[in-house]
Amino acid sequence: MERLIMATNTQASNGPVWDWAAGHGPVTGALSATTGCLAVATTGAATGMPPGWALAVGAAGAIGHTISSLRERLSTRTIAMRSASWLIGAGWTTWAMTTGPLTWAALGSLATIGVGMGAAARSTLLYEEARELEAIAAAERQVARELSAERRAIAAEWVDRVQRVCNITMRILAVEIWPTATGFTIDAELPPGGTTYDRIAQHSAALSADARLPHGCTAVASQGIHQGRVLIDVTTVNVLSEERTYPSDYTPLSIYTGIPWGYRTNAEEICVYLREQCALVVGPTGSGKTNMVHVILAGFARATDVLTWVIDLNAGSAG
């Protein structure tokens, strides 16, 4: 019985899949329009329907599509194509209801109209895609210009600040905005003459005060790619003063991929690799040792290759 059910399900899944919610493309749209015109013309001719009704419906469809296209902010080319398709289809239907929809002239002209509709729809579709890509590219260029302007402003500000506080004239090569939006890193070239990065590092507090950084935020200088370069990490948001709950992501972890234990001052997640390693959490009462143990145990519980044993001598407050 189970084999029979499985075979039946397999056969059913091998058949064609129809997406009834999918929209029309250039070919199916033209086919739907022409077959609809043929059906209306044939039914109207057989029942003696006044031909003027087809023109009225075509005009209403052209007006409706024009309004919807304007709301969608489509191009004039697309609006004209859609409106013309309605009016041409309505005109053919009116003519076919009068002269007969099943003649070779009627069917041939309808086929020609269908091919023209499909080609026009394809052309306008490509045009709209090109417009959309151009709009996206223009928006990206605008963002790049704004970001470049922001970086130039940061560079000019910190060149002046380091000159004023440290009496060092440096040349900034790059400004990297942190993805966490909590600060930035300045990559600068030191002046010749033996100036080292620690000349700037020893003025960290003065630079932070001159930049009016919030409490808990610093401007820290470190070694660059070589001894003539310096990196200045500027924190603009004190993330350590914010309450941060454990991440809602409980995906499986491994002792080899790192286990999250907290956040750095730049809001980067701290991942600890504890294979063949030991750790000791020390602090006075109220410093957050138990909370830290909770975070550690949560990370161990997510790891698929960790067996956790807890010896809790504090009335079970940790585990």
# chains A, B, ... in the order shown; residues from 1 in each chain; ligands from 1
>>> residues_around(residues="Thr78 of chain A", least_positions_apart="3", cutoff="6 Å", atoms="only C-alpha atoms", output="list of chain:residue names")
A:Ser75, A:Met81, A:Thr124
>>> write_last_selection(atoms="N, CA, C and O atoms", output="PDB file, in the first residue's frame")
ATOM      1  N   SER A  75       6.401  54.382 -18.856  1.00  0.00           N
ATOM      2  CA  SER A  75       6.795  55.325 -19.890  1.00  0.00           C
ATOM      3  C   SER A  75       5.641  55.609 -20.844  1.00  0.00           C
ATOM      4  O   SER A  75       4.654  54.853 -20.924  1.00  0.00           O
ATOM      5  N   MET A  81       1.289  51.905 -26.175  1.00  0.00           N
ATOM      6  CA  MET A  81       1.142  50.538 -26.667  1.00  0.00           C
ATOM      7  C   MET A  81      -0.083  49.869 -26.078  1.00  0.00           C
ATOM      8  O   MET A  81      -0.870  49.228 -26.784  1.00  0.00           O
ATOM      9  N   THR A 124       8.341  47.062 -25.531  1.00  0.00           N
ATOM     10  CA  THR A 124       8.088  47.938 -24.379  1.00  0.00           C
ATOM     11  C   THR A 124       8.552  47.303 -23.078  1.00  0.00           C
ATOM     12  O   THR A 124       8.997  48.004 -22.164  1.00  0.00           O
TER      13      THR A 124
END
>>> closest_atom_pairs(of="segment 205-313 of chain A", to="segment 182-196 of chain A", cutoff="8 Å", atoms="only C-alpha atoms", output="JSON lines")
{"residue": "A:Gly224", "atom": "CA", "partner": "A:Asp187", "partner_atom": "CA", "distance": 7.3}
{"residue": "A:Gln227", "atom": "CA", "partner": "A:Thr196", "partner_atom": "CA", "distance": 6.8}
{"residue": "A:Gly228", "atom": "CA", "partner": "A:Leu190", "partner_atom": "CA", "distance": 5.4}
{"residue": "A:Arg229", "atom": "CA", "partner": "A:Glu189", "partner_atom": "CA", "distance": 4.5}
{"residue": "A:Val230", "atom": "CA", "partner": "A:Ala188", "partner_atom": "CA", "distance": 5.4}
{"residue": "A:Leu231", "atom": "CA", "partner": "A:Asp187", "partner_atom": "CA", "distance": 4.8}
{"residue": "A:Ile232", "atom": "CA", "partner": "A:Ile186", "partner_atom": "CA", "distance": 5.0}
{"residue": "A:Asp233", "atom": "CA", "partner": "A:Thr185", "partner_atom": "CA", "distance": 4.5}
{"residue": "A:Val234", "atom": "CA", "partner": "A:Phe184", "partner_atom": "CA", "distance": 5.5}
{"residue": "A:Thr235", "atom": "CA", "partner": "A:Gly183", "partner_atom": "CA", "distance": 4.4}
{"residue": "A:Thr236", "atom": "CA", "partner": "A:Gly183", "partner_atom": "CA", "distance": 4.8}
{"residue": "A:Val237", "atom": "CA", "partner": "A:Thr182", "partner_atom": "CA", "distance": 5.0}
{"residue": "A:Asn238", "atom": "CA", "partner": "A:Thr182", "partner_atom": "CA", "distance": 7.8}
{"residue": "A:Val239", "atom": "CA", "partner": "A:Thr182", "partner_atom": "CA", "distance": 7.8}
{"residue": "A:Asn266", "atom": "CA", "partner": "A:Thr182", "partner_atom": "CA", "distance": 5.8}
{"residue": "A:Ala267", "atom": "CA", "partner": "A:Thr182", "partner_atom": "CA", "distance": 7.0}
>>> write_last_selection(atoms="N, CA, C and O atoms", output="PDB file, in the first residue's frame")
ATOM      1  N   GLY A 224      49.421  50.764  10.724  1.00  0.00           N
ATOM      2  CA  GLY A 224      48.853  50.580   9.405  1.00  0.00           C
ATOM      3  C   GLY A 224      49.505  49.432   8.675  1.00  0.00           C
ATOM      4  O   GLY A 224      50.122  48.544   9.287  1.00  0.00           O
ATOM      5  N   GLN A 227      55.010  50.806   8.517  1.00  0.00           N
ATOM      6  CA  GLN A 227      55.304  51.719   9.613  1.00  0.00           C
ATOM      7  C   GLN A 227      55.123  53.183   9.240  1.00  0.00           C
ATOM      8  O   GLN A 227      55.178  54.054  10.116  1.00  0.00           O
ATOM      9  N   GLY A 228      54.872  53.453   7.971  1.00  0.00           N
ATOM     10  CA  GLY A 228      54.594  54.826   7.574  1.00  0.00           C
ATOM     11  C   GLY A 228      53.113  55.119   7.448  1.00  0.00           C
ATOM     12  O   GLY A 228      52.733  56.206   6.986  1.00  0.00           O
ATOM     13  N   ARG A 229      52.279  54.178   7.853  1.00  0.00           N
ATOM     14  CA  ARG A 229      50.831  54.353   7.775  1.00  0.00           C
ATOM     15  C   ARG A 229      50.239  54.200   9.170  1.00  0.00           C
ATOM     16  O   ARG A 229      50.802  53.559  10.058  1.00  0.00           O
ATOM     17  N   VAL A 230      49.043  54.760   9.362  1.00  0.00           N
ATOM     18  CA  VAL A 230      48.351  54.686  10.640  1.00  0.00           C
ATOM     19  C   VAL A 230      46.861  54.455  10.379  1.00  0.00           C
ATOM     20  O   VAL A 230      46.309  54.964   9.405  1.00  0.00           O
ATOM     21  N   LEU A 231      46.244  53.673  11.244  1.00  0.00           N
ATOM     22  CA  LEU A 231      44.801  53.460  11.224  1.00  0.00           C
ATOM     23  C   LEU A 231      44.210  54.093  12.470  1.00  0.00           C
ATOM     24  O   LEU A 231      44.685  53.857  13.588  1.00  0.00           O
ATOM     25  N   ILE A 232      43.184  54.900  12.277  1.00  0.00           N
ATOM     26  CA  ILE A 232      42.510  55.550  13.398  1.00  0.00           C
ATOM     27  C   ILE A 232      41.069  55.060  13.418  1.00  0.00           C
ATOM     28  O   ILE A 232      40.282  55.349  12.506  1.00  0.00           O
ATOM     29  N   ASP A 233      40.726  54.296  14.436  1.00  0.00           N
ATOM     30  CA  ASP A 233      39.363  53.795  14.620  1.00  0.00           C
ATOM     31  C   ASP A 233      38.597  54.775  15.496  1.00  0.00           C
ATOM     32  O   ASP A 233      38.954  54.988  16.664  1.00  0.00           O
ATOM     33  N   VAL A 234      37.536  55.334  14.940  1.00  0.00           N
ATOM     34  CA  VAL A 234      36.736  56.337  15.648  1.00  0.00           C
ATOM     35  C   VAL A 234      35.357  55.735  15.916  1.00  0.00           C
ATOM     36  O   VAL A 234      34.610  55.430  14.981  1.00  0.00           O
ATOM     37  N   THR A 235      35.037  55.559  17.194  1.00  0.00           N
ATOM     38  CA  THR A 235      33.730  55.043  17.594  1.00  0.00           C
ATOM     39  C   THR A 235      32.802  56.220  17.866  1.00  0.00           C
ATOM     40  O   THR A 235      33.145  57.122  18.641  1.00  0.00           O
ATOM     41  N   THR A 236      31.645  56.215  17.235  1.00  0.00           N
ATOM     42  CA  THR A 236      30.698  57.320  17.389  1.00  0.00           C
ATOM     43  C   THR A 236      29.455  56.946  18.182  1.00  0.00           C
ATOM     44  O   THR A 236      28.671  57.814  18.551  1.00  0.00           O
ATOM     45  N   VAL A 237      29.251  55.657  18.446  1.00  0.00           N
ATOM     46  CA  VAL A 237      28.085  55.187  19.213  1.00  0.00           C
ATOM     47  C   VAL A 237      28.580  54.251  20.298  1.00  0.00           C
ATOM     48  O   VAL A 237      29.324  53.297  20.016  1.00  0.00           O
ATOM     49  N   ASN A 238      28.191  54.499  21.541  1.00  0.00           N
ATOM     50  CA  ASN A 238      28.590  53.660  22.662  1.00  0.00           C
ATOM     51  C   ASN A 238      27.637  52.469  22.756  1.00  0.00           C
ATOM     52  O   ASN A 238      26.627  52.517  23.448  1.00  0.00           O
ATOM     53  N   VAL A 239      27.961  51.408  22.037  1.00  0.00           N
ATOM     54  CA  VAL A 239      27.066  50.248  22.012  1.00  0.00           C
ATOM     55  C   VAL A 239      27.088  49.488  23.334  1.00  0.00           C
ATOM     56  O   VAL A 239      26.155  48.741  23.640  1.00  0.00           O
ATOM     57  N   ASN A 266      32.658  48.363  18.478  1.00  0.00           N
ATOM     58  CA  ASN A 266      32.158  48.767  17.165  1.00  0.00           C
ATOM     59  C   ASN A 266      30.938  47.957  16.742  1.00  0.00           C
ATOM     60  O   ASN A 266      30.577  47.946  15.570  1.00  0.00           O
ATOM     61  N   ALA A 267      30.307  47.261  17.705  1.00  0.00           N
ATOM     62  CA  ALA A 267      29.080  46.476  17.510  1.00  0.00           C
ATOM     63  C   ALA A 267      29.321  45.190  16.732  1.00  0.00           C
ATOM     64  O   ALA A 267      28.363  44.512  16.364  1.00  0.00           O
TER      65      ALA A 267
END
>>> closest_residue(among="A:Trp92, A:Trp178, A:Ala84, A:Ala39", to="Gly52 of chain A", atoms="only C-alpha atoms")
A:Trp92
>>> atom_distance(atom1="atom CA of Trp86 of chain A", atom2="atom CA of Ala135 of chain A")
28.8 Å
>>> residues_around(residues="Ile255 of chain A", least_positions_apart="6", cutoff="8 Å", atoms="only C-alpha atoms", output="list in words")
Tyr273, Leu274, Arg275, Ala303, Asp305 and Val306 of chain A
>>> closest_residue(among="A:Thr43, A:Ser317, A:Thr257, A:Thr308", to="Leu102 of chain A", atoms="only C-alpha atoms")
A:Thr43
>>> select_by_dssp(residues="segment 169-246 of chain A", states="strand (DSSP E)", output="PyMOL selection string")
chain A and resi 171-177+183-189+219-223+229-235
>>> closest_atom_pairs(of="segment 210-297 of chain A", to="segment 309-315 of chain A", cutoff="12 Å", atoms="only C-alpha atoms", output="Markdown table")
| residue | atom | partner | partner_atom | distance |
| --- | --- | --- | --- | --- |
| A:Lys289 | CA | A:Asn314 | CA | 12.0 |
| A:Thr290 | CA | A:Asn314 | CA | 9.8 |
| A:Val293 | CA | A:Val310 | CA | 10.3 |
| A:His294 | CA | A:Val310 | CA | 11.2 |
| A:Ile296 | CA | A:Val310 | CA | 11.4 |
| A:Leu297 | CA | A:Val310 | CA | 9.0 |
>>> write_last_selection(atoms="all heavy atoms", output="tab-separated table (two decimals), in the first residue's frame")
chain	number	residue	atom	x	y	z
A	289	LYS	N	28.78	38.26	35.86
A	289	LYS	CA	29.38	36.94	35.64
A	289	LYS	C	28.31	35.90	35.31
A	289	LYS	O	28.46	35.11	34.38
A	289	LYS	CB	30.18	36.51	36.87
A	289	LYS	CG	31.38	37.38	37.19
A	289	LYS	CD	32.19	36.80	38.31
A	289	LYS	CE	31.38	36.59	39.59
A	289	LYS	NZ	30.86	37.86	40.15
A	290	THR	N	27.22	35.90	36.07
A	290	THR	CA	26.15	34.92	35.82
A	290	THR	C	25.53	35.13	34.45
A	290	THR	O	25.25	34.17	33.71
A	290	THR	CB	25.08	35.03	36.92
A	290	THR	OG1	25.68	34.81	38.19
A	290	THR	CG2	23.98	34.00	36.70
A	293	VAL	N	27.80	33.66	31.95
A	293	VAL	CA	27.70	32.21	31.92
A	293	VAL	C	26.47	31.77	31.16
A	293	VAL	O	26.48	30.78	30.42
A	293	VAL	CB	27.73	31.65	33.35
A	293	VAL	CG1	27.41	30.16	33.35
A	293	VAL	CG2	29.08	31.89	34.00
A	294	HIS	N	25.37	32.51	31.32
A	294	HIS	CA	24.15	32.20	30.56
A	294	HIS	C	24.40	32.28	29.06
A	294	HIS	O	23.96	31.43	28.28
A	294	HIS	CB	23.03	33.15	30.95
A	294	HIS	CG	22.48	32.90	32.32
A	294	HIS	ND1	21.73	33.83	32.99
A	294	HIS	CD2	22.58	31.83	33.14
A	294	HIS	CE1	21.38	33.34	34.17
A	294	HIS	NE2	21.89	32.13	34.28
A	296	ILE	N	27.30	31.96	27.56
A	296	ILE	CA	28.20	30.86	27.18
A	296	ILE	C	27.42	29.56	27.05
A	296	ILE	O	27.59	28.80	26.08
A	296	ILE	CB	29.33	30.74	28.21
A	296	ILE	CG1	30.23	31.99	28.18
A	296	ILE	CG2	30.16	29.48	27.96
A	296	ILE	CD1	31.27	32.03	29.27
A	297	LEU	N	26.55	29.27	28.02
A	297	LEU	CA	25.77	28.03	27.97
A	297	LEU	C	24.82	28.02	26.79
A	297	LEU	O	24.60	26.97	26.17
A	297	LEU	CB	25.00	27.85	29.28
A	297	LEU	CG	25.85	27.58	30.52
A	297	LEU	CD1	24.97	27.49	31.75
A	297	LEU	CD2	26.65	26.29	30.35
>>> closest_residue(among="A:Ser222, A:Met49, A:Gly299, A:Ala211", to="Pro247 of chain A", atoms="only C-alpha atoms")
A:Gly299
>>> atom_distance(atom1="atom CA of Gly286 of chain A", atom2="atom CA of Gly262 of chain A")
17.5 Å
>>> atom_distance(atom1="atom CA of Tyr263 of chain A", atom2="atom CA of Leu207 of chain A")
24.0 Å
>>> select_by_dssp(residues="segment 14-210 of chain A", states="alpha helix (DSSP H)", output="ChimeraX atom specification")
/A:26-47,52-71,76-99,104-166,198-201,204-210
>>> closest_residue(among="A:Leu253, A:Val272, A:Arg77, A:Ala106", to="Leu126 of chain A", atoms="only C-alpha atoms")
A:Arg77
